[in-house]
>>> print(open('input39.cif').read())   # mmCIF, C-alpha atoms
data_target
#
loop_
_atom_site.label_atom_id
_atom_site.label_comp_id
_atom_site.auth_asym_id
_atom_site.auth_seq_id
_atom_site.Cartn_x
_atom_site.Cartn_y
_atom_site.Cartn_z
CA MET F 1 19.60 -40.37 -24.00
CA ASP F 2 16.02 -40.10 -25.13
CA ILE F 3 13.56 -39.21 -22.42
CA GLN F 4 10.15 -40.63 -23.08
CA ILE F 5 7.40 -38.09 -22.59
CA THR F 6 4.54 -39.74 -20.75
CA LYS F 7 2.39 -36.87 -19.60
CA VAL F 8 1.30 -33.54 -20.97
CA GLY F 9 0.38 -30.70 -18.63
CA ILE F 10 -2.71 -28.72 -19.53
CA ILE F 11 -2.86 -25.16 -18.29
CA SER F 12 -6.30 -23.67 -18.74
CA CYS F 13 -7.34 -20.07 -18.71
CA SER F 14 -9.59 -19.82 -15.71
CA GLY F 15 -11.26 -16.65 -16.97
CA GLU F 16 -13.94 -16.34 -14.32
CA ASP F 17 -15.08 -13.14 -15.94
CA LEU F 18 -15.64 -14.37 -19.50
CA PRO F 19 -17.66 -17.20 -21.06
CA GLU F 20 -14.63 -18.45 -23.00
CA GLY F 21 -12.92 -19.07 -19.66
CA THR F 22 -15.73 -21.39 -18.64
CA LEU F 23 -15.55 -23.10 -22.01
CA SER F 24 -11.82 -23.57 -21.55
CA ARG F 25 -12.21 -25.12 -18.10
CA ILE F 26 -14.92 -27.52 -19.24
CA ALA F 27 -13.03 -28.52 -22.38
CA CYS F 28 -9.85 -29.14 -20.40
CA ARG F 29 -11.71 -31.30 -17.87
CA LYS F 30 -13.15 -33.32 -20.75
CA VAL F 31 -9.66 -34.03 -21.98
CA LEU F 32 -8.41 -34.91 -18.50
CA ASP F 33 -11.37 -37.10 -17.55
CA GLU F 34 -12.69 -38.54 -20.81
CA LEU F 35 -10.54 -38.04 -23.91
CA ARG F 36 -6.95 -38.51 -22.71
CA PRO F 37 -7.14 -39.42 -19.01
CA GLY F 38 -3.87 -41.35 -18.86
CA ASP F 39 -1.82 -38.88 -20.83
CA THR F 40 -2.66 -35.56 -19.23
CA VAL F 41 -2.50 -33.72 -15.95
CA THR F 42 -3.78 -30.29 -15.12
CA ILE F 43 -1.77 -27.53 -13.60
CA CYS F 44 -3.74 -25.01 -11.61
CA LEU F 45 -2.95 -21.68 -13.25
CA PRO F 46 -3.11 -19.35 -10.23
CA LEU F 47 -1.12 -21.78 -8.14
CA PHE F 48 1.40 -22.07 -10.93
CA ILE F 49 1.69 -18.30 -11.13
CA ALA F 50 1.70 -17.86 -7.36
CA GLY F 51 4.73 -20.09 -7.07
CA GLY F 52 3.59 -23.67 -6.52
CA GLN F 53 6.96 -25.43 -6.82
CA GLU F 54 5.52 -28.78 -7.86
CA GLU F 55 3.59 -27.16 -10.71
CA ARG F 56 6.58 -25.12 -11.84
CA ASP F 57 8.87 -28.14 -11.77
CA PHE F 58 6.43 -30.17 -13.82
CA ALA F 59 5.98 -27.45 -16.40
CA SER F 60 9.71 -26.99 -16.82
CA LYS F 61 10.33 -30.72 -17.36
CA PHE F 62 7.27 -31.85 -19.28
CA PRO F 63 5.48 -30.47 -22.32
CA THR F 64 2.56 -28.17 -21.70
CA ILE F 65 -0.47 -27.01 -23.62
CA THR F 66 -1.94 -23.66 -22.69
CA VAL F 67 -5.58 -22.97 -23.46
CA ASP F 68 -6.58 -19.32 -23.34
CA GLY F 69 -10.02 -17.77 -23.50
CA CYS F 70 -9.04 -14.34 -24.75
CA GLU F 71 -6.26 -12.39 -26.41
CA LYS F 72 -4.75 -11.45 -23.06
CA ARG F 73 -3.40 -15.03 -23.05
CA CYS F 74 -2.79 -15.23 -19.30
CA ALA F 75 -2.03 -18.97 -19.41
CA GLN F 76 0.47 -18.69 -22.25
CA ILE F 77 2.19 -15.58 -20.90
CA SER F 78 2.48 -17.02 -17.40
CA THR F 79 3.90 -20.29 -18.67
CA GLU F 80 6.44 -18.51 -20.85
CA ARG F 81 7.53 -16.35 -17.93
CA ILE F 82 7.83 -19.16 -15.43
CA SER F 83 8.66 -22.40 -17.22
CA GLY F 84 9.45 -21.64 -20.82
CA LYS F 85 7.59 -21.85 -24.09
CA PRO F 86 4.55 -24.14 -24.05
CA SER F 87 4.54 -26.96 -26.61
CA ARG F 88 1.23 -25.68 -27.93
CA SER F 89 -0.71 -22.50 -27.23
CA LEU F 90 -4.38 -22.73 -28.09
CA LEU F 91 -6.81 -19.84 -28.20
CA ILE F 92 -10.53 -20.54 -27.83
CA PRO F 93 -11.76 -17.85 -30.30
CA GLU F 94 -9.40 -19.24 -32.97
CA ILE F 95 -10.64 -22.81 -32.45
CA LEU F 96 -14.27 -21.71 -32.60
CA GLU F 97 -13.66 -19.72 -35.77
CA LYS F 98 -11.85 -22.63 -37.40
CA ARG F 99 -14.75 -24.94 -36.56
CA GLY F 100 -17.43 -22.41 -37.55
CA LEU F 101 -18.86 -22.28 -34.04
CA ALA F 102 -20.38 -19.31 -32.23
CA ALA F 103 -18.73 -17.71 -29.22
CA PRO F 104 -20.25 -18.77 -25.90
CA LYS F 105 -22.50 -16.29 -24.12
CA ARG F 106 -22.96 -17.71 -20.65
CA LEU F 107 -20.54 -17.74 -17.75
CA ARG F 108 -22.04 -21.00 -16.47
CA HIS F 109 -24.75 -23.56 -17.08
CA LEU F 110 -23.77 -23.93 -20.71
CA GLY F 111 -26.48 -24.44 -23.31
CA GLN F 112 -26.45 -27.14 -26.00
CA GLU F 113 -24.54 -25.02 -28.52
CA GLU F 114 -21.94 -24.12 -25.92
CA LYS F 115 -21.57 -27.75 -24.89
CA GLU F 116 -20.88 -28.61 -28.51
CA ALA F 117 -18.29 -25.84 -28.60
CA ALA F 118 -16.67 -27.28 -25.45
CA GLN F 119 -16.53 -30.70 -27.12
CA ALA F 120 -14.89 -29.18 -30.21
CA VAL F 121 -12.29 -27.41 -28.09
CA ALA F 122 -11.65 -30.60 -26.13
CA GLU F 123 -11.06 -32.49 -29.39
CA GLU F 124 -8.52 -29.87 -30.50
CA ILE F 125 -6.71 -30.15 -27.18
CA ALA F 126 -6.69 -33.96 -27.42
CA LYS F 127 -5.28 -33.69 -30.94
CA ALA F 128 -2.49 -31.46 -29.65
CA VAL F 129 -1.78 -33.98 -26.86
CA ASP F 130 -1.43 -36.79 -29.44
CA GLU F 131 0.88 -34.70 -31.60
CA ILE F 132 3.14 -33.94 -28.65
CA LEU F 133 3.31 -37.54 -27.51
CA GLU F 134 4.21 -38.65 -31.01
CA GLU F 135 6.98 -36.08 -31.49
CA MET U 1 -19.62 15.96 -8.18
CA LYS U 2 -20.28 12.80 -6.19
CA GLU U 3 -17.67 10.11 -6.62
CA LYS U 4 -18.76 7.06 -8.56
CA ARG U 5 -20.07 4.39 -6.19
CA LYS U 6 -17.49 1.81 -5.24
CA LYS U 7 -17.88 -1.85 -5.94
CA VAL U 8 -16.79 -4.89 -4.03
CA VAL U 9 -14.40 -6.97 -6.12
CA VAL U 10 -14.73 -10.73 -5.91
CA LEU U 11 -11.77 -12.97 -6.64
CA ALA U 12 -12.42 -16.70 -6.70
CA CYS U 13 -10.13 -19.70 -6.86
CA SER U 14 -9.90 -20.72 -10.48
CA GLY U 15 -8.54 -24.20 -10.06
CA ILE U 16 -10.08 -26.94 -12.18
CA GLY U 17 -9.03 -29.90 -10.12
CA LYS U 18 -11.05 -29.81 -6.92
CA VAL U 19 -14.68 -29.62 -5.90
CA TYR U 20 -14.13 -26.71 -3.54
CA GLY U 21 -12.56 -24.72 -6.37
CA ALA U 22 -15.76 -25.23 -8.32
CA LEU U 23 -17.77 -24.26 -5.23
CA ALA U 24 -15.69 -21.10 -4.76
CA ARG U 25 -16.28 -20.09 -8.36
CA GLU U 26 -19.97 -20.94 -8.37
CA THR U 27 -20.51 -18.98 -5.15
CA ALA U 28 -18.77 -16.01 -6.74
CA TYR U 29 -21.00 -16.28 -9.83
CA GLU U 30 -24.13 -16.42 -7.68
CA LEU U 31 -23.02 -13.40 -5.71
CA VAL U 32 -22.08 -11.29 -8.71
CA GLU U 33 -24.84 -12.35 -11.11
CA LYS U 34 -27.83 -12.76 -8.80
CA VAL U 35 -27.38 -11.68 -5.21
CA ARG U 36 -25.59 -8.31 -5.53
CA PRO U 37 -25.13 -7.72 -9.27
CA LYS U 38 -24.90 -3.93 -9.18
CA ILE U 39 -22.33 -3.56 -6.44
CA THR U 40 -19.96 -6.43 -7.08
CA LYS U 41 -17.45 -7.13 -9.81
CA LEU U 42 -15.77 -10.41 -10.67
CA ILE U 43 -12.20 -10.25 -11.93
CA CYS U 44 -10.23 -13.08 -13.54
CA LEU U 45 -7.61 -14.14 -11.02
CA PRO U 46 -4.84 -14.94 -13.55
CA LEU U 47 -5.42 -11.62 -15.27
CA LEU U 48 -4.68 -9.87 -11.99
CA VAL U 49 -1.64 -12.02 -11.37
CA ILE U 50 -0.05 -11.29 -14.73
CA GLY U 51 -0.31 -7.62 -13.79
CA ASP U 52 -3.14 -6.33 -15.96
CA PRO U 53 -3.30 -2.59 -15.11
CA GLU U 54 -7.12 -2.35 -15.04
CA ALA U 55 -7.47 -5.45 -12.86
CA ARG U 56 -4.84 -4.06 -10.51
CA ARG U 57 -6.57 -0.69 -10.36
CA MET U 58 -9.86 -2.36 -9.45
CA VAL U 59 -8.43 -4.34 -6.54
CA THR U 60 -6.47 -1.44 -5.11
CA ALA U 61 -9.33 1.05 -5.34
CA ASN U 62 -12.12 -1.19 -4.04
CA PRO U 63 -12.62 -3.63 -1.17
CA VAL U 64 -11.93 -7.21 -2.19
CA ILE U 65 -13.45 -10.52 -1.14
CA THR U 66 -11.38 -13.62 -1.91
CA ILE U 67 -12.87 -17.11 -2.01
CA ASP U 68 -10.38 -19.96 -2.09
CA GLY U 69 -10.86 -23.61 -2.92
CA CYS U 70 -7.92 -25.12 -1.06
CA PRO U 71 -5.48 -24.23 1.73
CA LYS U 72 -2.92 -23.01 -0.81
CA SER U 73 -5.10 -19.89 -0.91
CA CYS U 74 -4.06 -18.69 -4.37
CA ALA U 75 -6.80 -16.07 -4.57
CA HIS U 76 -5.87 -14.52 -1.23
CA LYS U 77 -2.11 -14.69 -1.82
CA SER U 78 -2.34 -13.41 -5.37
CA ALA U 79 -4.51 -10.49 -4.32
CA GLU U 80 -2.15 -9.70 -1.47
CA SER U 81 0.87 -9.74 -3.78
CA GLN U 82 -0.80 -7.17 -6.02
CA GLY U 83 -1.51 -4.79 -3.15
CA ALA U 84 -5.24 -5.47 -3.12
CA ARG U 85 -7.48 -4.08 -0.40
CA ILE U 86 -8.54 -7.46 0.95
CA ALA U 87 -11.60 -6.96 3.13
CA ARG U 88 -12.62 -10.59 3.70
CA SER U 89 -11.10 -13.96 2.80
CA TYR U 90 -12.99 -17.24 2.73
CA GLN U 91 -12.24 -20.92 2.26
CA ALA U 92 -15.05 -22.60 0.33
CA ILE U 93 -14.83 -25.72 2.49
CA ASN U 94 -16.15 -23.64 5.38
CA PHE U 95 -19.34 -22.98 3.41
CA TYR U 96 -19.90 -26.72 3.46
CA LYS U 97 -18.99 -26.99 7.14
CA ALA U 98 -21.72 -24.44 7.85
CA HIS U 99 -24.28 -26.38 5.79
CA LYS U 100 -23.41 -30.06 6.09
CA GLU U 101 -26.70 -31.10 4.53
CA LEU U 102 -25.48 -29.67 1.20
CA LYS U 103 -22.57 -31.83 0.10
CA PRO U 104 -20.98 -30.52 -3.08
CA GLU U 105 -19.72 -32.92 -5.74
CA GLY U 106 -18.36 -32.40 -9.23
CA ILE U 107 -15.41 -30.46 -10.57
CA ALA U 108 -16.28 -28.93 -13.92
CA GLU U 109 -19.87 -28.47 -12.79
CA LEU U 110 -21.40 -28.88 -9.34
CA ASN U 111 -24.19 -31.29 -8.47
CA ASP U 112 -27.57 -29.92 -7.36
CA LEU U 113 -26.66 -29.87 -3.68
CA GLY U 114 -23.42 -28.06 -4.48
CA GLN U 115 -25.32 -25.56 -6.56
CA ARG U 116 -27.72 -24.98 -3.67
CA LEU U 117 -24.78 -24.57 -1.30
CA ALA U 118 -23.33 -21.92 -3.62
CA GLU U 119 -26.65 -20.07 -3.63
CA VAL U 120 -26.96 -20.14 0.17
CA SER U 121 -23.34 -19.09 0.66
CA ALA U 122 -23.68 -16.26 -1.85
CA ILE U 123 -26.74 -14.94 -0.01
CA GLU U 124 -24.70 -14.92 3.21
CA LEU U 125 -21.86 -13.12 1.45
CA GLY U 126 -24.39 -10.59 0.14
CA GLY U 127 -24.76 -9.31 3.71
CA ILE U 128 -21.00 -8.87 3.95
CA VAL U 129 -20.98 -6.97 0.67
CA ASP U 130 -23.59 -4.58 2.07
CA VAL U 131 -21.43 -3.94 5.14
CA LEU U 132 -18.37 -3.26 2.99
CA VAL U 133 -20.22 -0.88 0.69
CA ALA U 134 -21.68 0.97 3.70
CA GLU U 135 -18.18 1.35 5.15
CA GLU U 136 -16.97 2.81 1.86
CA GLU U 137 -19.76 5.37 1.86
CA ASP U 138 -19.20 6.50 5.45
#
>>> encode(input="input39.cif", output="structure tokens")
Amino acid sequence: MDIQITKVGIISCSGEDLPEGTLSRIACRKVLDELRPGDTVTICLPLFIAGGQEERDFASKFPTITVDGCEKRCAQISTERISGKPSRSLLIPEILEKRGLAAPKRLRHLGQEEKEAAQAVAEEIAKAVDEILEE
Amino acid sequence: MKEKRKKVVVLACSGIGKVYGALARETAYELVEKVRPKITKLICLPLLVIGDPEARRMVTANPVITIDGCPKSCAHKSAESQGARIARSYQAINFYKAHKELKPEGIAELNDLGQRLAEVSAIELGGIVDVLVAEEED
């Protein structure tokens, strides 16, 4: 029996200590609120790691996209450990490089360039959502 | 040789779904960037939870303040599970309860009142940081 996938879980790096973490959070919210509001849900990363059963159940049954801000890949590693391989694992520095955009510098109150970078990252996440839903 | 001065580690909720998560994070940023920049250190909560050795060393060697955005208290519980020296734990909603004139709104970014609430709360936490650092130096 085919199970229709209706929602994709987005697990964002929360990286409080690095600007790419902020970029990741803002980009993910854009996807959730503006770009793909009906197709996505967010899973709170620390709650997921700390053992939130609802989050773990969702991530083991539905496809997930992890969005990490640095090479330590906390979101991807945590998802792999707890609920299996994510459907897509995105890395902010790779997306920015691919798009020819500069790395963000601020932890908050993003400037115009950083807002454009957040939009670019959000578009990449939305594209991954579409690909998963079409698979 | 005098031991290097200790810092107070700040761990904030990193949820992206609730206004009080954003308030927790913004308060932490205010505290670490503006109010007590030299004696505080922000650490990524997930980095600690996946067992990063440097993050773990920081929270076991220094006093820790946790600021949570919801009753699930991920920051507090995660710090506890890693053996952190938790000195104070806060729920961001209580910052609002103490300053009802500053109602925070927004998730990715706070509104102006929420931003002001984060500033006021961070100033109050600055006093707690001073107490913790003084205790460490006694």
>>> resolve_selection(input="input39.cif", expression="the PyMOL selection byres ((chain F) within 7 of (chain U))", output="MDAnalysis selection string")
chainID F and resid 14:17 25:26 29 44:47 50 74 78
>>> resolve_selection(input="input39.cif", expression="the PyMOL selection byres ((chain F and resi 91) around 9)", output="VMD selection string")
chain F and resid 66 to 71 73 89 to 90 92 to 96
>>> closest_residue(input="input39.cif", among="F:Ser60, F:Gly84, F:Val8, F:Val121", to="Gly38 of chain F", atoms="all atoms listed in the file")
F:Val8
>>> resolve_selection(input="input39.cif", expression="the PyMOL selection byres ((chain U and resi 83-93) around 7)", output="JSON, numbers by chain")
{"U": [20, 23, 24, 59, 60, 62, 63, 64, 65, 66, 67, 68, 69, 70, 76, 79, 80, 81, 82, 94, 95, 96, 97]}
>>> atom_distance(input="input39.cif", atom1="atom CA of Ala61 of chain U", atom2="atom CA of Leu125 of chain U")
20.1 Å
>>> atom_distance(input="input39.cif", atom1="atom CA of Arg57 of chain U", atom2="atom CA of Leu18 of chain F")
18.8 Å
